[in-house]
Amino acid sequence: MTATQEAEEAVFVFDAEEAARARQRRMERFGRWALPIIVVALTIWGWDRVIVSNNIPHYILPRPGLVLETLIKDWPILLNALLVTLQTTVLALAVAVIGGVGLAVLFTQSKFIEMSFYPYAVILQVTPVVSIAPLIFIYVDSKTVGLLICAWIVAFFPILSNTTLGLNSADHNLRDLFRIYGASRWQQLRLLRLPAALPYFLGGLRIAGGLALIGSVVAEYVAGTGGVGSGLAFTILEAGYRLNIPRMFAALLLIAGVGVVIFMALSFLSWALLHKWHESALKREV
Amino acid sequence: MEDLVTGAAQIPAAPARSRPQTGDGAPILSMRHVTKVFGGKVMALEGMSLDIHEGDFVSLLGPSGCGKSTALRLVAGLIRPTSGRIDWGGGQQKGDIGVVFQEPTLMPWATVAQNVWLPLRLRGKSFRSVEADVKEALDLVGLGNFLDAYPRELSGGMKMRVSIARALVTRPRLILMDEPFAALDEITRHKLNDDLLALRARIGATIVFVTHSVFESVFLSNRIVVMAARPGRVLTELAVEAPYPRADEYRSTPDYAHHCGAATAALHQAMGEG
Ligand SMILES: Nc1ncnc2c1ncn2[C@@H]1O[C@H](COP(=O)(O)OP(=O)(O)O)[C@@H](O)[C@H]1O
Ligand SMILES: [Mg+2]
């Protein structure tokens, strides 16, 4: 296969259009990395200039250098908070995956279960987590568990709905084929429905990753109280009370960083699992 | 892409289940006045009777909507007849069949070998234990070198070959094919027609083949069942006596032209133009 393709390419004459396209591709490859770096650098530089030329005091808007300094100086505190938030997020995401996929499988096994429980899933999804969180913290003693529940509520729905869609998206001819060969329910699930659902699930997972972070941060705000095991959101609140604006920025930077890392990790996971066969992960010429 | 040699030339002849022959012995499948009504009002098939004998190559020829797919789905046991009976030779409850759909219907996440393994896998066979059968089935369709390829790497015709290999791998008594080559270009289709006949000669398969192409049905089959729509029913049956093996040259014989003419006339009648 590859051998034939190479042979074909060798035969083609490299015409002007092709050359232009190749140039375009090179530019794009360069731009993909260079442009974000340039834009971020310009933004930071602009931010710095605005502060200097307007004499803005650091307790209102700190200079980028000061934020970086704080990040290093307060690293022990920030790292602790980061780990707490990260732990809540990852745990919530894990439970959301188990719960979302489990429910989706249950739904596809029985229409009646789906009819009975889907409304609850929707209600949980459409009710803003900030409005449920206070109740949760009243009824749940452990703050960690409360945070986890809040983050889970936000994160699990995209996984549930995407996986349900995916499980039902298996080709109907393939389903007939499985029936003809007398496949058991379990075989159908494992060999047909779950693989067919994988791309949908991974799409849901990428959304859920971001939402789990948002969920845990929002829940931390609601939970409020400090003490042991406080995350980044609490660090921001506390720094705000003390007018420690640089630390607020440093914590904010970390939250954004965590979000980006989660997104990139899940995108990579998606690529790793799909690149061999799924359209979404294929590189296409032109 | 399509200039693949059929395994016919390369592998020693497998013992055929029986010589292709028609008309004698008990039928392996017998449909008696089979009627299928969908939703209480759509008469998809009315009173279809058909006997399939070992070695038959039967084409179901007719305009779309005449119940060809419905007939195959009934035989495959995917749907039950509203009335009438479907009996298998030897008093079997269920047919031992292989199926090829119009689309290749491969699992995109699985390799070619894994796709062909599927029917055996569903019967609890490990890959190791049936590796030789999988390889042989793929050799038969000329794809012995593509075991580890993914479907997306193959052309339309090659995917169809994988689909055929999958239907063959269990060595079924009857192979059902529902317009398998309808979506392919003319050249690929001719090639696959030739190869299908070569394949059939080697393994002695019995085939029911749905098509709306007169030429395909005449070239391939010894019996052409012409069907009409609204309600779907059997109109007439034509015999094509030309002996197998039929090579590409058969397409330029007067006999072929004659049968094409007869089948075309029957088809026009089926479509209410004759
Ligand atoms: N599951 C179904 N429900 C309702 N009507 C159907 C169903 N399957 C087929 N039909 C109808 O039965 C008729 C025959 O269909 P089909 O067997 O697919 O025809 P063909 O394969 O010859 O084109 C058509 O009118 C079609 O609309
Ligand atoms: Mg059809």
# chains A, B, ... in the order shown; residues from 1 in each chain; ligands from 1
$ residues_around --residues "A:Ile136" --least-positions-apart "4" --cutoff "12 Å" --atoms "only C-alpha atoms" --output "number ranges by chain"
A: 129-132, 140-151, 153, 219, 222-223
$ write_last_selection --atoms "all heavy atoms" --output "short mmCIF file (atom, residue, chain, number, x, y, z; two decimals), in the first residue's frame"
data_model
loop_
_atom_site.label_atom_id
_atom_site.label_comp_id
_atom_site.auth_asym_id
_atom_site.auth_seq_id
_atom_site.Cartn_x
_atom_site.Cartn_y
_atom_site.Cartn_z
N VAL A 129 -24.47 24.14 38.97
CA VAL A 129 -23.85 23.47 40.11
C VAL A 129 -23.72 24.41 41.30
O VAL A 129 -23.82 23.98 42.44
CB VAL A 129 -22.49 22.86 39.73
CG1 VAL A 129 -21.47 23.93 39.49
CG2 VAL A 129 -22.02 21.89 40.80
N VAL A 130 -23.53 25.73 41.06
CA VAL A 130 -23.43 26.67 42.19
C VAL A 130 -24.67 26.64 43.05
O VAL A 130 -24.61 26.91 44.24
CB VAL A 130 -23.25 28.14 41.73
CG1 VAL A 130 -21.83 28.55 41.90
CG2 VAL A 130 -23.75 28.37 40.34
N SER A 131 -25.82 26.33 42.43
CA SER A 131 -27.05 26.35 43.21
C SER A 131 -27.29 25.04 43.96
O SER A 131 -28.02 25.01 44.93
CB SER A 131 -28.25 26.66 42.31
OG SER A 131 -28.31 25.70 41.27
N ILE A 132 -26.64 23.97 43.52
CA ILE A 132 -26.79 22.71 44.25
C ILE A 132 -25.70 22.57 45.31
O ILE A 132 -25.93 21.99 46.37
CB ILE A 132 -26.67 21.48 43.32
CG1 ILE A 132 -27.41 21.73 42.01
CG2 ILE A 132 -27.22 20.24 44.00
CD1 ILE A 132 -27.23 20.60 41.02
N VAL A 140 -23.35 16.64 53.13
CA VAL A 140 -22.16 15.79 53.14
C VAL A 140 -21.14 16.36 54.10
O VAL A 140 -20.79 17.53 54.01
CB VAL A 140 -21.56 15.70 51.72
CG1 VAL A 140 -20.30 14.87 51.73
CG2 VAL A 140 -22.57 15.11 50.75
N ASP A 141 -20.70 15.54 55.03
CA ASP A 141 -19.77 16.02 56.05
C ASP A 141 -18.39 16.29 55.49
O ASP A 141 -17.80 17.33 55.72
CB ASP A 141 -19.67 14.99 57.18
CG ASP A 141 -20.87 15.11 58.12
OD1 ASP A 141 -21.47 16.22 58.12
OD2 ASP A 141 -21.20 14.14 58.80
N SER A 142 -17.88 15.32 54.72
CA SER A 142 -16.52 15.46 54.22
C SER A 142 -16.47 16.48 53.09
O SER A 142 -17.23 16.38 52.11
CB SER A 142 -16.00 14.11 53.73
OG SER A 142 -14.97 14.32 52.80
N LYS A 143 -15.59 17.45 53.26
CA LYS A 143 -15.48 18.48 52.23
C LYS A 143 -14.98 17.88 50.92
O LYS A 143 -15.43 18.22 49.83
CB LYS A 143 -14.53 19.58 52.70
CG LYS A 143 -14.77 20.90 51.99
CD LYS A 143 -13.82 21.98 52.46
CE LYS A 143 -12.79 22.25 51.39
NZ LYS A 143 -11.74 23.19 51.80
N THR A 144 -14.03 16.96 51.05
CA THR A 144 -13.46 16.33 49.86
C THR A 144 -14.55 15.64 49.05
O THR A 144 -14.64 15.77 47.83
CB THR A 144 -12.40 15.29 50.26
OG1 THR A 144 -11.58 15.86 51.27
CG2 THR A 144 -11.55 14.89 49.08
N VAL A 145 -15.39 14.89 49.75
CA VAL A 145 -16.47 14.18 49.07
C VAL A 145 -17.44 15.16 48.43
O VAL A 145 -17.89 14.98 47.29
CB VAL A 145 -17.21 13.23 50.05
CG1 VAL A 145 -18.41 12.59 49.36
CG2 VAL A 145 -16.27 12.17 50.56
N GLY A 146 -17.74 16.24 49.14
CA GLY A 146 -18.64 17.26 48.60
C GLY A 146 -18.10 17.85 47.32
O GLY A 146 -18.82 17.98 46.32
N LEU A 147 -16.82 18.20 47.34
CA LEU A 147 -16.19 18.75 46.13
C LEU A 147 -16.28 17.76 44.98
O LEU A 147 -16.60 18.12 43.84
CB LEU A 147 -14.71 19.05 46.41
CG LEU A 147 -14.39 20.22 47.35
CD1 LEU A 147 -12.90 20.29 47.61
CD2 LEU A 147 -14.89 21.52 46.73
N LEU A 148 -16.01 16.53 45.32
CA LEU A 148 -16.01 15.47 44.32
C LEU A 148 -17.39 15.34 43.68
O LEU A 148 -17.53 15.26 42.45
CB LEU A 148 -15.61 14.15 44.99
CG LEU A 148 -15.04 13.09 44.08
CD1 LEU A 148 -13.82 13.61 43.39
CD2 LEU A 148 -14.71 11.85 44.90
N ILE A 149 -18.42 15.37 44.52
CA ILE A 149 -19.79 15.22 44.00
C ILE A 149 -20.12 16.38 43.05
O ILE A 149 -20.65 16.18 41.96
CB ILE A 149 -20.81 15.18 45.17
CG1 ILE A 149 -20.61 13.89 45.96
CG2 ILE A 149 -22.24 15.26 44.64
CD1 ILE A 149 -21.49 13.78 47.19
N CYS A 150 -19.75 17.60 43.46
CA CYS A 150 -20.04 18.77 42.61
C CYS A 150 -19.35 18.63 41.25
O CYS A 150 -19.97 18.82 40.20
CB CYS A 150 -19.56 20.05 43.28
SG CYS A 150 -20.51 20.47 44.74
N ALA A 151 -18.07 18.32 41.29
CA ALA A 151 -17.31 18.21 40.03
C ALA A 151 -17.88 17.08 39.17
O ALA A 151 -17.98 17.20 37.94
CB ALA A 151 -15.83 17.97 40.33
N ILE A 153 -21.00 15.97 39.10
CA ILE A 153 -22.29 16.36 38.51
C ILE A 153 -22.07 17.12 37.21
O ILE A 153 -22.78 16.92 36.22
CB ILE A 153 -23.08 17.24 39.51
CG1 ILE A 153 -23.62 16.36 40.64
CG2 ILE A 153 -24.23 17.96 38.81
CD1 ILE A 153 -24.33 17.15 41.72
N ALA A 219 -16.98 24.56 43.11
CA ALA A 219 -17.34 23.97 44.39
C ALA A 219 -16.44 24.47 45.51
O ALA A 219 -16.90 24.70 46.63
CB ALA A 219 -17.25 22.45 44.29
N VAL A 222 -17.71 27.74 46.66
CA VAL A 222 -18.90 27.61 47.48
C VAL A 222 -18.53 27.08 48.86
O VAL A 222 -18.99 27.58 49.88
CB VAL A 222 -19.93 26.67 46.82
CG1 VAL A 222 -21.12 26.46 47.73
CG2 VAL A 222 -20.36 27.26 45.49
N ALA A 223 -17.65 26.08 48.88
CA ALA A 223 -17.26 25.46 50.14
C ALA A 223 -16.57 26.49 51.03
O ALA A 223 -16.74 26.51 52.25
CB ALA A 223 -16.34 24.27 49.89
#
$ interface_residues --of "chain A" --to "chain B" --cutoff "7 Å" --atoms "only C-alpha atoms" --output "list in words"
Asn173, Leu174, Ile180, Tyr181, Ala183 and Trp277 of chain A
$ write_last_selection --atoms "C-alpha atoms" --output "JSON list (two decimals), in the first residue's frame"
[["chain", "number", "residue", "atom", "x", "y", "z"],
["A", 173, "ASN", "CA", -25.73, -4.08, 8.92],
["A", 174, "LEU", "CA", -22.98, -5.01, 11.37],
["A", 180, "ILE", "CA", -26.85, -13.87, 12.13],
["A", 181, "TYR", "CA", -23.80, -15.37, 13.78],
["A", 183, "ALA", "CA", -23.61, -13.16, 19.07],
["A", 277, "TRP", "CA", -8.78, 3.86, 12.02]]
$ residues_around --residues "stretch 85-90 of chain A" --least-positions-apart "5" --cutoff "12 Å" --atoms "only C-alpha atoms" --output "PyMOL selection string"
chain A and resi 78-80+95-97+143-156+205+208-221+229-235+251+254-259+261-262+265-266
$ closest_atom_pairs --of "chain B" --to "ligand 1" --cutoff "6 Å" --atoms "only C-alpha atoms and all ligand atoms" --output "JSON lines"
{"residue": "B:Phe38", "atom": "CA", "partner": "ligand 1", "partner_atom_place_in_ligand_line": "4 (C)", "distance": 4.7}
{"residue": "B:Val42", "atom": "CA", "partner": "ligand 1", "partner_atom_place_in_ligand_line": "5 (N)", "distance": 5.8}
{"residue": "B:Ala44", "atom": "CA", "partner": "ligand 1", "partner_atom_place_in_ligand_line": "12 (O)", "distance": 3.8}
{"residue": "B:Ser64", "atom": "CA", "partner": "ligand 1", "partner_atom_place_in_ligand_line": "23 (O)", "distance": 3.5}
{"residue": "B:Gly65", "atom": "CA", "partner": "ligand 1", "partner_atom_place_in_ligand_line": "19 (O)", "distance": 3.5}
{"residue": "B:Cys66", "atom": "CA", "partner": "ligand 1", "partner_atom_place_in_ligand_line": "22 (O)", "distance": 4.0}
{"residue": "B:Gly67", "atom": "CA", "partner": "ligand 1", "partner_atom_place_in_ligand_line": "17 (O)", "distance": 3.1}
{"residue": "B:Lys68", "atom": "CA", "partner": "ligand 1", "partner_atom_place_in_ligand_line": "22 (O)", "distance": 3.7}
{"residue": "B:Ser69", "atom": "CA", "partner": "ligand 1", "partner_atom_place_in_ligand_line": "21 (O)", "distance": 3.6}
{"residue": "B:Thr70", "atom": "CA", "partner": "ligand 1", "partner_atom_place_in_ligand_line": "17 (O)", "distance": 3.6}
$ select_by_dssp --residues "stretch 189-267 of chain B" --states "helix (DSSP H, G or I)" --output "PyMOL selection string"
chain B and resi 189-203+214-220+248-252+254-267
$ write_last_selection --atoms "N, CA and C atoms" --output "compact mmCIF listing (two decimals), in the first residue's frame"
# COMPACT_ATOMS: atom_id res chain seq x y z
N ARG B 189 -16.33 -4.26 -11.02
CA ARG B 189 -17.44 -5.19 -10.91
C ARG B 189 -17.23 -6.42 -11.80
N HIS B 190 -16.78 -6.19 -13.04
CA HIS B 190 -16.50 -7.30 -13.94
C HIS B 190 -15.46 -8.23 -13.34
N LYS B 191 -14.41 -7.62 -12.83
CA LYS B 191 -13.31 -8.39 -12.24
C LYS B 191 -13.83 -9.23 -11.07
N LEU B 192 -14.64 -8.59 -10.24
CA LEU B 192 -15.15 -9.31 -9.07
C LEU B 192 -16.12 -10.41 -9.48
N ASN B 193 -16.90 -10.17 -10.55
CA ASN B 193 -17.78 -11.21 -11.08
C ASN B 193 -16.98 -12.42 -11.52
N ASP B 194 -15.92 -12.17 -12.31
CA ASP B 194 -15.05 -13.26 -12.75
C ASP B 194 -14.50 -14.03 -11.55
N ASP B 195 -13.98 -13.26 -10.59
CA ASP B 195 -13.34 -13.89 -9.44
C ASP B 195 -14.35 -14.65 -8.58
N LEU B 196 -15.57 -14.13 -8.52
CA LEU B 196 -16.60 -14.81 -7.72
C LEU B 196 -16.89 -16.19 -8.31
N LEU B 197 -16.95 -16.26 -9.63
CA LEU B 197 -17.21 -17.55 -10.28
C LEU B 197 -16.04 -18.51 -10.07
N ALA B 198 -14.83 -17.99 -10.17
CA ALA B 198 -13.65 -18.83 -9.95
C ALA B 198 -13.66 -19.38 -8.53
N LEU B 199 -13.99 -18.51 -7.62
CA LEU B 199 -14.06 -18.86 -6.20
C LEU B 199 -15.10 -19.95 -5.97
N ARG B 200 -16.24 -19.77 -6.58
CA ARG B 200 -17.34 -20.71 -6.42
C ARG B 200 -16.96 -22.08 -6.97
N ALA B 201 -16.24 -22.08 -8.10
CA ALA B 201 -15.81 -23.35 -8.70
C ALA B 201 -14.87 -24.07 -7.74
N ARG B 202 -14.07 -23.29 -7.00
CA ARG B 202 -13.09 -23.92 -6.12
C ARG B 202 -13.69 -24.48 -4.85
N ILE B 203 -14.65 -23.75 -4.27
CA ILE B 203 -15.17 -24.23 -2.98
C ILE B 203 -16.57 -24.81 -3.11
N VAL B 214 -29.09 -6.92 -15.15
CA VAL B 214 -29.37 -8.06 -16.02
C VAL B 214 -28.09 -8.79 -16.38
N PHE B 215 -27.05 -8.01 -16.75
CA PHE B 215 -25.79 -8.60 -17.23
C PHE B 215 -25.12 -9.42 -16.14
N GLU B 216 -25.11 -8.86 -14.96
CA GLU B 216 -24.50 -9.56 -13.84
C GLU B 216 -25.23 -10.88 -13.59
N SER B 217 -26.57 -10.83 -13.60
CA SER B 217 -27.33 -12.04 -13.28
C SER B 217 -27.11 -13.12 -14.33
N VAL B 218 -27.05 -12.73 -15.60
CA VAL B 218 -26.86 -13.73 -16.66
C VAL B 218 -25.47 -14.33 -16.58
N PHE B 219 -24.48 -13.48 -16.37
CA PHE B 219 -23.10 -13.98 -16.35
C PHE B 219 -22.88 -14.94 -15.18
N LEU B 220 -23.46 -14.62 -14.04
CA LEU B 220 -23.14 -15.37 -12.82
C LEU B 220 -23.96 -16.63 -12.62
N ASP B 248 -14.46 -14.59 -18.91
CA ASP B 248 -14.83 -13.29 -19.45
C ASP B 248 -15.38 -13.41 -20.87
N GLU B 249 -14.84 -14.39 -21.64
CA GLU B 249 -15.26 -14.56 -23.05
C GLU B 249 -16.75 -14.85 -23.17
N TYR B 250 -17.31 -15.43 -22.12
CA TYR B 250 -18.73 -15.77 -22.19
C TYR B 250 -19.57 -14.52 -22.47
N ARG B 251 -19.04 -13.36 -22.02
CA ARG B 251 -19.79 -12.12 -22.21
C ARG B 251 -19.93 -11.74 -23.67
N SER B 252 -19.10 -12.34 -24.56
CA SER B 252 -19.23 -11.97 -25.97
C SER B 252 -19.83 -13.09 -26.83
N PRO B 254 -23.10 -15.38 -28.35
CA PRO B 254 -24.52 -15.17 -28.70
C PRO B 254 -25.44 -15.67 -27.59
N ASP B 255 -25.03 -16.78 -26.95
CA ASP B 255 -25.83 -17.34 -25.86
C ASP B 255 -26.05 -16.30 -24.76
N TYR B 256 -24.97 -15.62 -24.42
CA TYR B 256 -25.03 -14.58 -23.38
C TYR B 256 -25.99 -13.47 -23.81
N ALA B 257 -25.82 -13.02 -25.06
CA ALA B 257 -26.68 -11.96 -25.58
C ALA B 257 -28.15 -12.39 -25.56
N HIS B 258 -28.37 -13.64 -25.94
CA HIS B 258 -29.73 -14.17 -25.96
C HIS B 258 -30.37 -14.12 -24.57
N HIS B 259 -29.62 -14.60 -23.58
CA HIS B 259 -30.15 -14.61 -22.22
C HIS B 259 -30.34 -13.21 -21.68
N CYS B 260 -29.43 -12.32 -22.03
CA CYS B 260 -29.58 -10.93 -21.58
C CYS B 260 -30.87 -10.35 -22.15
N GLY B 261 -31.13 -10.67 -23.42
CA GLY B 261 -32.36 -10.19 -24.05
C GLY B 261 -33.59 -10.71 -23.33
N ALA B 262 -33.58 -12.00 -23.04
CA ALA B 262 -34.73 -12.61 -22.37
C ALA B 262 -34.93 -12.02 -20.97
N ALA B 263 -33.81 -11.86 -20.24
CA ALA B 263 -33.91 -11.32 -18.88
C ALA B 263 -34.38 -9.88 -18.90
N THR B 264 -33.88 -9.10 -19.89
CA THR B 264 -34.30 -7.71 -20.01
C THR B 264 -35.80 -7.62 -20.27
N ALA B 265 -36.29 -8.49 -21.17
CA ALA B 265 -37.72 -8.51 -21.47
C ALA B 265 -38.53 -8.81 -20.21
N ALA B 266 -38.07 -9.80 -19.47
CA ALA B 266 -38.78 -10.18 -18.24
C ALA B 266 -38.76 -9.04 -17.23
N LEU B 267 -37.62 -8.35 -17.18
CA LEU B 267 -37.49 -7.23 -16.24
C LEU B 267 -38.43 -6.08 -16.62
$ atom_distance --atom1 "atom CA of B:Ala165" --atom2 "atom CA of A:Leu167"
26.9 Å
$ select_by_dssp --residues "stretch 43-130 of chain B" --states "strand (DSSP E)" --output "list of chain:residue names"
B:Met43, B:Ala44, B:Leu45, B:Glu46, B:Gly47, B:Met48, B:Ser49, B:Leu50, B:Asp51, B:Ile52, B:Phe57, B:Val58, B:Ser59, B:Leu60, B:Leu61, B:Ser83, B:Gly84, B:Arg85, B:Ile86, B:Asp87, B:Trp88, B:Ile97, B:Gly98, B:Val99, B:Val100
$ closest_residue --among "B:Val210, B:Val240, B:Met31, B:Met43" --to "ligand 2" --atoms "only C-alpha atoms and all ligand atoms"
B:Val210
$ closest_residue --among "B:Val75, B:Ala239, B:Met160, B:Leu60" --to "ligand 2" --atoms "only C-alpha atoms and all ligand atoms"
B:Leu60
$ decode --residues "stretch 137-155 of chain A" --atoms "C-alpha atoms" --output "short mmCIF file (atom, residue, chain, number, x, y, z; two decimals), in the first residue's frame"
data_model
loop_
_atom_site.label_atom_id
_atom_site.label_comp_id
_atom_site.auth_asym_id
_atom_site.auth_seq_id
_atom_site.Cartn_x
_atom_site.Cartn_y
_atom_site.Cartn_z
CA PHE A 137 -22.07 20.79 51.60
CA ILE A 138 -24.89 20.80 54.17
CA TYR A 139 -25.66 17.12 53.74
CA VAL A 140 -22.16 15.79 53.14
CA ASP A 141 -19.77 16.02 56.05
CA SER A 142 -16.52 15.46 54.22
CA LYS A 143 -15.48 18.48 52.23
CA THR A 144 -13.46 16.33 49.86
CA VAL A 145 -16.47 14.18 49.07
CA GLY A 146 -18.64 17.26 48.60
CA LEU A 147 -16.19 18.75 46.13
CA LEU A 148 -16.01 15.47 44.32
CA ILE A 149 -19.79 15.22 44.00
CA CYS A 150 -20.04 18.77 42.61
CA ALA A 151 -17.31 18.21 40.03
CA TRP A 152 -18.83 14.87 39.10
CA ILE A 153 -22.29 16.36 38.51
CA VAL A 154 -20.83 18.81 36.02
CA ALA A 155 -18.55 16.36 34.27
#
